[in-house]
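Enquirer: If it helps, the file is called coords_34.pdb and holds PDB, C-alpha atoms:
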MODEL        1
ATOM      1  CA  MET A  85       0.456   7.944 -12.209  1.00  0.00           C
ATOM      2  CA  GLY A  86      -0.831   4.873 -13.939  1.00  0.00           C
ATOM      3  CA  PRO A  87      -4.291   3.481 -13.474  1.00  0.00           C
ATOM      4  CA  ASP A  88      -5.073   1.864 -10.149  1.00  0.00           C
ATOM      5  CA  ARG A  89      -4.501  -1.851 -10.507  1.00  0.00           C
ATOM      6  CA  ALA A  90      -5.860  -2.818  -7.105  1.00  0.00           C
ATOM      7  CA  GLY A  91      -7.831  -5.603  -8.737  1.00  0.00           C
ATOM      8  CA  VAL A  92     -11.425  -6.436  -9.330  1.00  0.00           C
ATOM      9  CA  LEU A  93     -13.464  -5.166  -6.407  1.00  0.00           C
ATOM     10  CA  ARG A  94     -16.905  -6.163  -5.262  1.00  0.00           C
ATOM     11  CA  ALA A  95     -19.496  -3.453  -5.852  1.00  0.00           C
ATOM     12  CA  GLU A  96     -19.573  -2.528  -2.157  1.00  0.00           C
ATOM     13  CA  GLU A  97     -15.784  -2.032  -2.076  1.00  0.00           C
ATOM     14  CA  THR A  98     -15.395   1.363  -3.677  1.00  0.00           C
ATOM     15  CA  ILE A  99     -11.849   2.683  -3.429  1.00  0.00           C
ATOM     16  CA  LEU A 100     -11.482   5.788  -1.315  1.00  0.00           C
ATOM     17  CA  PHE A 101      -7.727   6.327  -1.783  1.00  0.00           C
ATOM     18  CA  ASN A 102      -4.375   4.561  -1.854  1.00  0.00           C
ATOM     19  CA  MET A 103      -0.877   5.088  -0.485  1.00  0.00           C
ATOM     20  CA  LEU A 104       2.473   3.854  -1.786  1.00  0.00           C
ATOM     21  CA  ALA A 105       5.340   2.728   0.419  1.00  0.00           C
ATOM     22  CA  LEU A 106       8.274   2.884  -1.981  1.00  0.00           C
ATOM     23  CA  LEU A 107      11.191   0.612  -1.096  1.00  0.00           C
ATOM     24  CA  PRO A 108      14.424   2.054  -2.516  1.00  0.00           C
ATOM     25  CA  GLU A 109      17.379  -0.179  -3.400  1.00  0.00           C
ATOM     26  CA  ASP A 110      18.951   0.187   0.064  1.00  0.00           C
ATOM     27  CA  ALA A 111      15.715  -0.711   1.925  1.00  0.00           C
ATOM     28  CA  PRO A 112      15.268  -4.311   3.046  1.00  0.00           C
ATOM     29  CA  ASP A 113      12.770  -6.358   1.071  1.00  0.00           C
ATOM     30  CA  VAL A 114       9.381  -6.893   2.684  1.00  0.00           C
ATOM     31  CA  SER A 115       7.701 -10.201   1.918  1.00  0.00           C
ATOM     32  CA  ILE A 116       3.937 -10.530   2.064  1.00  0.00           C
ATOM     33  CA  ASP A 117       4.376 -12.902   5.033  1.00  0.00           C
ATOM     34  CA  THR A 118       6.498 -10.364   6.932  1.00  0.00           C
ATOM     35  CA  LEU A 119       3.870  -7.738   6.188  1.00  0.00           C
ATOM     36  CA  ALA A 120       1.145 -10.115   7.428  1.00  0.00           C
ATOM     37  CA  ASP A 121       3.060 -10.582  10.703  1.00  0.00           C
ATOM     38  CA  LYS A 122       3.271  -6.805  11.166  1.00  0.00           C
ATOM     39  CA  VAL A 123      -0.438  -6.389  10.425  1.00  0.00           C
ATOM     40  CA  GLN A 124      -1.367  -9.210  12.792  1.00  0.00           C
ATOM     41  CA  ALA A 125       0.797  -7.708  15.548  1.00  0.00           C
ATOM     42  CA  ARG A 126      -0.950  -4.351  15.121  1.00  0.00           C
ATOM     43  CA  PHE A 127      -4.567  -5.473  14.687  1.00  0.00           C
ATOM     44  CA  GLY A 128      -4.699  -9.081  15.947  1.00  0.00           C
ATOM     45  CA  GLY A 129      -6.209  -8.076  19.292  1.00  0.00           C
ATOM     46  CA  ASP A 130      -9.255  -6.535  17.591  1.00  0.00           C
ATOM     47  CA  ALA A 131     -12.085  -9.123  17.626  1.00  0.00           C
ATOM     48  CA  ALA A 132     -13.696  -7.453  14.591  1.00  0.00           C
ATOM     49  CA  PHE A 133     -10.498  -7.814  12.500  1.00  0.00           C
ATOM     50  CA  ARG A 134      -9.732 -10.595  10.000  1.00  0.00           C
ATOM     51  CA  LEU A 135      -6.583 -10.950   7.926  1.00  0.00           C
ATOM     52  CA  GLU A 136      -6.896 -12.883   4.668  1.00  0.00           C
ATOM     53  CA  TYR A 137      -4.549 -13.745   1.847  1.00  0.00           C
ATOM     54  CA  GLU A 138      -5.907 -13.336  -1.659  1.00  0.00           C
ATOM     55  CA  VAL A 139      -4.704 -13.605  -5.235  1.00  0.00           C
ATOM     56  CA  LEU A 140      -6.270 -11.045  -7.533  1.00  0.00           C
ATOM     57  CA  PRO A 141      -7.297 -11.944 -11.093  1.00  0.00           C
ATOM     58  CA  PHE A 142      -4.438 -11.854 -13.610  1.00  0.00           C
ATOM     59  CA  ASN A 143      -1.897 -12.033 -10.797  1.00  0.00           C
ATOM     60  CA  THR A 144       0.146 -14.798  -9.217  1.00  0.00           C
ATOM     61  CA  GLU A 145       1.285 -13.004  -6.064  1.00  0.00           C
ATOM     62  CA  ARG A 146      -0.654 -13.160  -2.802  1.00  0.00           C
ATOM     63  CA  ASN A 147      -1.939  -9.928  -1.303  1.00  0.00           C
ATOM     64  CA  LEU A 148      -3.380  -9.114   2.090  1.00  0.00           C
ATOM     65  CA  MET A 149      -7.001  -8.204   2.697  1.00  0.00           C
ATOM     66  CA  LEU A 150      -7.555  -6.506   6.036  1.00  0.00           C
ATOM     67  CA  ARG A 151     -11.226  -6.818   6.991  1.00  0.00           C
ATOM     68  CA  TRP A 152     -13.360  -5.321   9.680  1.00  0.00           C
ATOM     69  CA  GLN A 153     -17.133  -5.762   9.934  1.00  0.00           C
ATOM     70  CA  GLY A 154     -18.003  -2.838   7.678  1.00  0.00           C
ATOM     71  CA  TRP A 155     -14.757  -1.902   5.980  1.00  0.00           C
ATOM     72  CA  SER A 156     -11.629  -3.312   4.350  1.00  0.00           C
ATOM     73  CA  ALA A 157      -8.233  -2.381   2.979  1.00  0.00           C
ATOM     74  CA  ARG A 158      -5.696  -4.216   0.828  1.00  0.00           C
ATOM     75  CA  LEU A 159      -1.920  -4.361   1.044  1.00  0.00           C
ATOM     76  CA  ILE A 160      -0.349  -5.318  -2.262  1.00  0.00           C
ATOM     77  CA  ARG A 161       3.362  -5.986  -2.782  1.00  0.00           C
ATOM     78  CA  GLU A 162       4.368  -4.813  -6.263  1.00  0.00           C
ATOM     79  CA  THR A 163       7.662  -5.060  -8.140  1.00  0.00           C
ATOM     80  CA  ALA A 164       8.885  -3.806 -11.494  1.00  0.00           C
ATOM     81  CA  GLU A 165       9.752  -7.412 -12.281  1.00  0.00           C
ATOM     82  CA  ASP A 166       6.026  -8.220 -12.243  1.00  0.00           C
ATOM     83  CA  ASP A 167       4.719  -4.854 -13.447  1.00  0.00           C
ATOM     84  CA  GLU A 168       6.852  -2.277 -15.285  1.00  0.00           C
ATOM     85  CA  GLN A 169       4.402   0.431 -14.171  1.00  0.00           C
ATOM     86  CA  VAL A 170       6.085   0.298 -10.728  1.00  0.00           C
ATOM     87  CA  ALA A 171       9.328   1.699 -12.179  1.00  0.00           C
ATOM     88  CA  ASP A 172       7.455   4.190 -14.363  1.00  0.00           C
ATOM     89  CA  ASP A 173       5.482   5.444 -11.352  1.00  0.00           C
ATOM     90  CA  SER A 174       8.681   5.816  -9.313  1.00  0.00           C
ATOM     91  CA  ALA A 175      10.230   8.001 -11.994  1.00  0.00           C
ATOM     92  CA  GLU A 176       7.039  10.070 -12.169  1.00  0.00           C
ATOM     93  CA  ILE A 177       6.966  10.472  -8.374  1.00  0.00           C
ATOM     94  CA  ALA A 178      10.570  11.714  -8.442  1.00  0.00           C
ATOM     95  CA  ARG A 179       9.635  14.175 -11.190  1.00  0.00           C
ATOM     96  CA  ILE A 180       6.630  15.443  -9.188  1.00  0.00           C
ATOM     97  CA  LEU A 181       8.686  15.854  -6.004  1.00  0.00           C
ATOM     98  CA  GLY A 182      11.592  17.517  -7.784  1.00  0.00           C
ATOM     99  CA  ALA A 183      14.366  18.571  -5.395  1.00  0.00           C
ATOM    100  CA  ALA A 184      12.358  17.175  -2.446  1.00  0.00           C
ATOM    101  CA  ALA A 185      12.585  13.623  -3.855  1.00  0.00           C
ATOM    102  CA  PRO A 186      14.611  11.332  -1.578  1.00  0.00           C
ATOM    103  CA  ALA A 187      17.685   9.749  -3.138  1.00  0.00           C
ATOM    104  CA  GLY A 188      16.940   6.582  -5.076  1.00  0.00           C
ATOM    105  CA  ILE A 189      13.205   7.134  -5.489  1.00  0.00           C
ATOM    106  CA  ALA A 190      13.369   7.568  -9.269  1.00  0.00           C
ATOM    107  CA  ASP A 191      14.879   4.083  -9.601  1.00  0.00           C
ATOM    108  CA  CYS A 192      12.625   2.356  -7.075  1.00  0.00           C
ATOM    109  CA  THR A 193      11.410  -1.041  -8.301  1.00  0.00           C
ATOM    110  CA  ARG A 194       9.550  -2.303  -5.203  1.00  0.00           C
ATOM    111  CA  ARG A 195       6.609  -0.964  -3.251  1.00  0.00           C
ATOM    112  CA  ILE A 196       3.701  -1.793  -1.006  1.00  0.00           C
ATOM    113  CA  ARG A 197       0.408  -0.334  -2.185  1.00  0.00           C
ATOM    114  CA  ALA A 198      -2.272   0.223   0.454  1.00  0.00           C
ATOM    115  CA  VAL A 199      -5.759   0.470  -1.016  1.00  0.00           C
ATOM    116  CA  PHE A 200      -8.333   1.901   1.363  1.00  0.00           C
ATOM    117  CA  HIS A 201     -11.961   1.192   0.555  1.00  0.00           C
ATOM    118  CA  ASP A 202     -14.670   3.761   1.076  1.00  0.00           C
ATOM    119  CA  ASP A 203     -15.736   4.597   4.631  1.00  0.00           C
ATOM    120  CA  PRO A 204     -18.688   6.959   4.149  1.00  0.00           C
ATOM    121  CA  ASP A 205     -19.527   7.086   7.866  1.00  0.00           C
ATOM    122  CA  GLU A 206     -15.852   7.594   8.817  1.00  0.00           C
ATOM    123  CA  GLN A 207     -15.984   4.724  11.313  1.00  0.00           C
ATOM    124  CA  TYR A 208     -12.553   3.352  10.387  1.00  0.00           C
ATOM    125  CA  ILE A 209     -10.365   6.467  10.379  1.00  0.00           C
ATOM    126  CA  ASP A 210      -8.273   5.103  13.258  1.00  0.00           C
ATOM    127  CA  GLU A 211      -7.591   1.899  11.314  1.00  0.00           C
ATOM    128  CA  MET A 212      -6.578   3.917   8.243  1.00  0.00           C
ATOM    129  CA  VAL A 213      -4.159   5.963  10.345  1.00  0.00           C
ATOM    130  CA  GLU A 214      -2.720   2.773  11.859  1.00  0.00           C
ATOM    131  CA  ILE A 215      -2.201   1.230   8.412  1.00  0.00           C
ATOM    132  CA  MET A 216      -0.430   4.399   7.243  1.00  0.00           C
ATOM    133  CA  ALA A 217       1.748   4.276  10.373  1.00  0.00           C
ATOM    134  CA  LEU A 218       2.562   0.648   9.612  1.00  0.00           C
ATOM    135  CA  LEU A 219       3.742   1.666   6.116  1.00  0.00           C
ATOM    136  CA  GLU A 220       5.807   4.532   7.531  1.00  0.00           C
ATOM    137  CA  GLY A 221       7.376   2.084   9.984  1.00  0.00           C
ATOM    138  CA  LEU A 222       8.753  -0.177   7.254  1.00  0.00           C
ATOM    139  CA  GLU A 223      12.541   0.159   7.362  1.00  0.00           C
ATOM    140  CA  GLY A 224      13.775   2.430   4.571  1.00  0.00           C
ATOM    141  CA  ALA A 225      10.289   2.997   3.121  1.00  0.00           C
ATOM    142  CA  VAL A 226       9.305   6.319   1.608  1.00  0.00           C
ATOM    143  CA  VAL A 227       5.528   6.774   1.816  1.00  0.00           C
ATOM    144  CA  PHE A 228       3.910   8.774  -0.968  1.00  0.00           C
ATOM    145  CA  ASP A 229       0.327   9.989  -1.176  1.00  0.00           C
ATOM    146  CA  PRO A 230      -0.624   9.951  -4.890  1.00  0.00           C
ATOM    147  CA  GLN A 231      -3.869  11.848  -4.263  1.00  0.00           C
ATOM    148  CA  GLN A 232      -1.976  14.860  -2.876  1.00  0.00           C
ATOM    149  CA  ASN A 233       1.306  14.221  -4.722  1.00  0.00           C
ATOM    150  CA  LYS A 234       3.355  14.542  -1.558  1.00  0.00           C
ATOM    151  CA  LEU A 235       5.419  12.509   0.869  1.00  0.00           C
ATOM    152  CA  MET A 236       3.870  11.536   4.172  1.00  0.00           C
ATOM    153  CA  ASP A 237       5.536  13.170   7.152  1.00  0.00           C
TER     154      ASP A 237
ENDMDL
END
Please express what this file holds, its structure, as structure tokens.

Expert:
Amino acid sequence: MGPDRAGVLRAEETILFNMLALLPEDAPDVSIDTLADKVQARFGGDAAFRLEYEVLPFNTERNLMLRWQGWSARLIRETAEDDEQVADDSAEIARILGAAAPAGIADCTRRIRAVFHDDPDEQYIDEMVEIMALLEGLEGAVVFDPQQNKLMD
């Protein structure tokens, strides 16, 4: 896999791990605004939660920053049109998965990257699980864990 391009992070925002929701050709596109609506529907009732749009350095696309009082995560929409590494990673994921690779993954050119920042006291595990469930709920998405090199069940 290529280097993590989650952007420039503040010193207190150490990356714990990331997940990729690959969107094959036959999956509907997911705009950042649609993703924001889904996030707001899931977490909007939490008084400690804030949803922010951001544009990372050297990028023109908006991303989502999901913030709680002591923790945050990012959702980044990536395409091969903007970053050829997306297509290269898809081919590598298909190679890693071998016969278990879902059809169309090797040619995937769109994805949502979830970047989870460090949670040393494990206070935000439930939020991490909910974000992963949100990714798995995207129509047609195939969620891959690059730390374990496996598909999410």

Enquirer: Identify all residues satisfying the PyMOL selection byres ((chain A and resi 224) around 9) in the given file; provide them as a list of chain:residue names.

Expert: A:Leu106, A:Leu107, A:Pro108, A:Asp110, A:Ala111, A:Pro112, A:Glu220, A:Gly221, A:Leu222, A:Glu223, A:Ala225, A:Val226

Enquirer: Evaluate the PyMOL selection byres ((chain A and resi 151-161) around 8) here and jot the selected residues down as a list of chain:residue names.

Expert: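 Answer for the PyMOL selection byres ((chain A and resi 151-161) around 8): A:Ala90, A:Glu97, A:Ser115, A:Ile116, A:Ala132, A:Phe133, A:Arg134, A:Leu135, A:Glu136, A:Arg146, A:Asn147, A:Leu148, A:Met149, A:Leu150, A:Glu162, A:Thr163, A:Arg194, A:Arg195, A:Ile196, A:Arg197, A:Ala198, A:Val199, A:Phe200, A:His201, A:Asp202, A:Asp203, A:Tyr208.
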
Enquirer: Please produce a file of the residues just selected, as a compact mmCIF listing (two decimals), keeping the file's coordinate frame, where the atoms kept are C-alpha atoms.

Expert:
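In the end it all went to again_18.txt:
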# COMPACT_ATOMS: atom_id res chain seq x y z
CA ALA A 90 -5.86 -2.82 -7.10
CA GLU A 97 -15.78 -2.03 -2.08
CA SER A 115 7.70 -10.20 1.92
CA ILE A 116 3.94 -10.53 2.06
CA ALA A 132 -13.70 -7.45 14.59
CA PHE A 133 -10.50 -7.81 12.50
CA ARG A 134 -9.73 -10.60 10.00
CA LEU A 135 -6.58 -10.95 7.93
CA GLU A 136 -6.90 -12.88 4.67
CA ARG A 146 -0.65 -13.16 -2.80
CA ASN A 147 -1.94 -9.93 -1.30
CA LEU A 148 -3.38 -9.11 2.09
CA MET A 149 -7.00 -8.20 2.70
CA LEU A 150 -7.56 -6.51 6.04
CA GLU A 162 4.37 -4.81 -6.26
CA THR A 163 7.66 -5.06 -8.14
CA ARG A 194 9.55 -2.30 -5.20
CA ARG A 195 6.61 -0.96 -3.25
CA ILE A 196 3.70 -1.79 -1.01
CA ARG A 197 0.41 -0.33 -2.18
CA ALA A 198 -2.27 0.22 0.45
CA VAL A 199 -5.76 0.47 -1.02
CA PHE A 200 -8.33 1.90 1.36
CA HIS A 201 -11.96 1.19 0.56
CA ASP A 202 -14.67 3.76 1.08
CA ASP A 203 -15.74 4.60 4.63
CA TYR A 208 -12.55 3.35 10.39

Enquirer: What does the distance from CA of Ala184 in chain A to CA of Ala164 in chain A come to in Å, to one decimal?

Expert: 23.1 Å

Enquirer: Could you state the separation of CA of Thr118 in chain A and CA of Asp167 in chain A in Å, given to one decimal place?

Expert: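 Separation of CA of Thr118 in chain A and CA of Asp167 in chain A: 21.2 Å.
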
Enquirer: Pick the closest to Leu100 in chain A from A:Pro204, A:Pro141, A:Gly188, A:Pro230: which is it, counting only C-alpha atoms?

Expert: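 Residue with the minimum atom-to-atom distance to Leu100 in chain A: A:Pro204.
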
Enquirer: Distance CA of Ala190 in chain A-CA of Gln232 in chain A, one decimal place?

Expert: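 For CA of Ala190 in chain A relative to CA of Gln232 in chain A, the distance reads 18.2 Å.
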
Enquirer: Here is a test: counting all atoms listed in the file, which residue of A:Val114, A:Ile177, A:Ala105, A:Val170 is nearest to Val227 in chain A?

Expert: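 The closest residue to Val227 in chain A is A:Ala105.
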
Enquirer: Need the shell around Gly182 in chain A: protein/DNA/RNA residues with any atom at most 12 Å away, counting all atoms listed in the file. Skip same-chain ones fewer than 6 positions apart. Format as JSON, numbers by chain?

Expert: {"A": [175, 176, 189, 190, 233, 234, 235]}
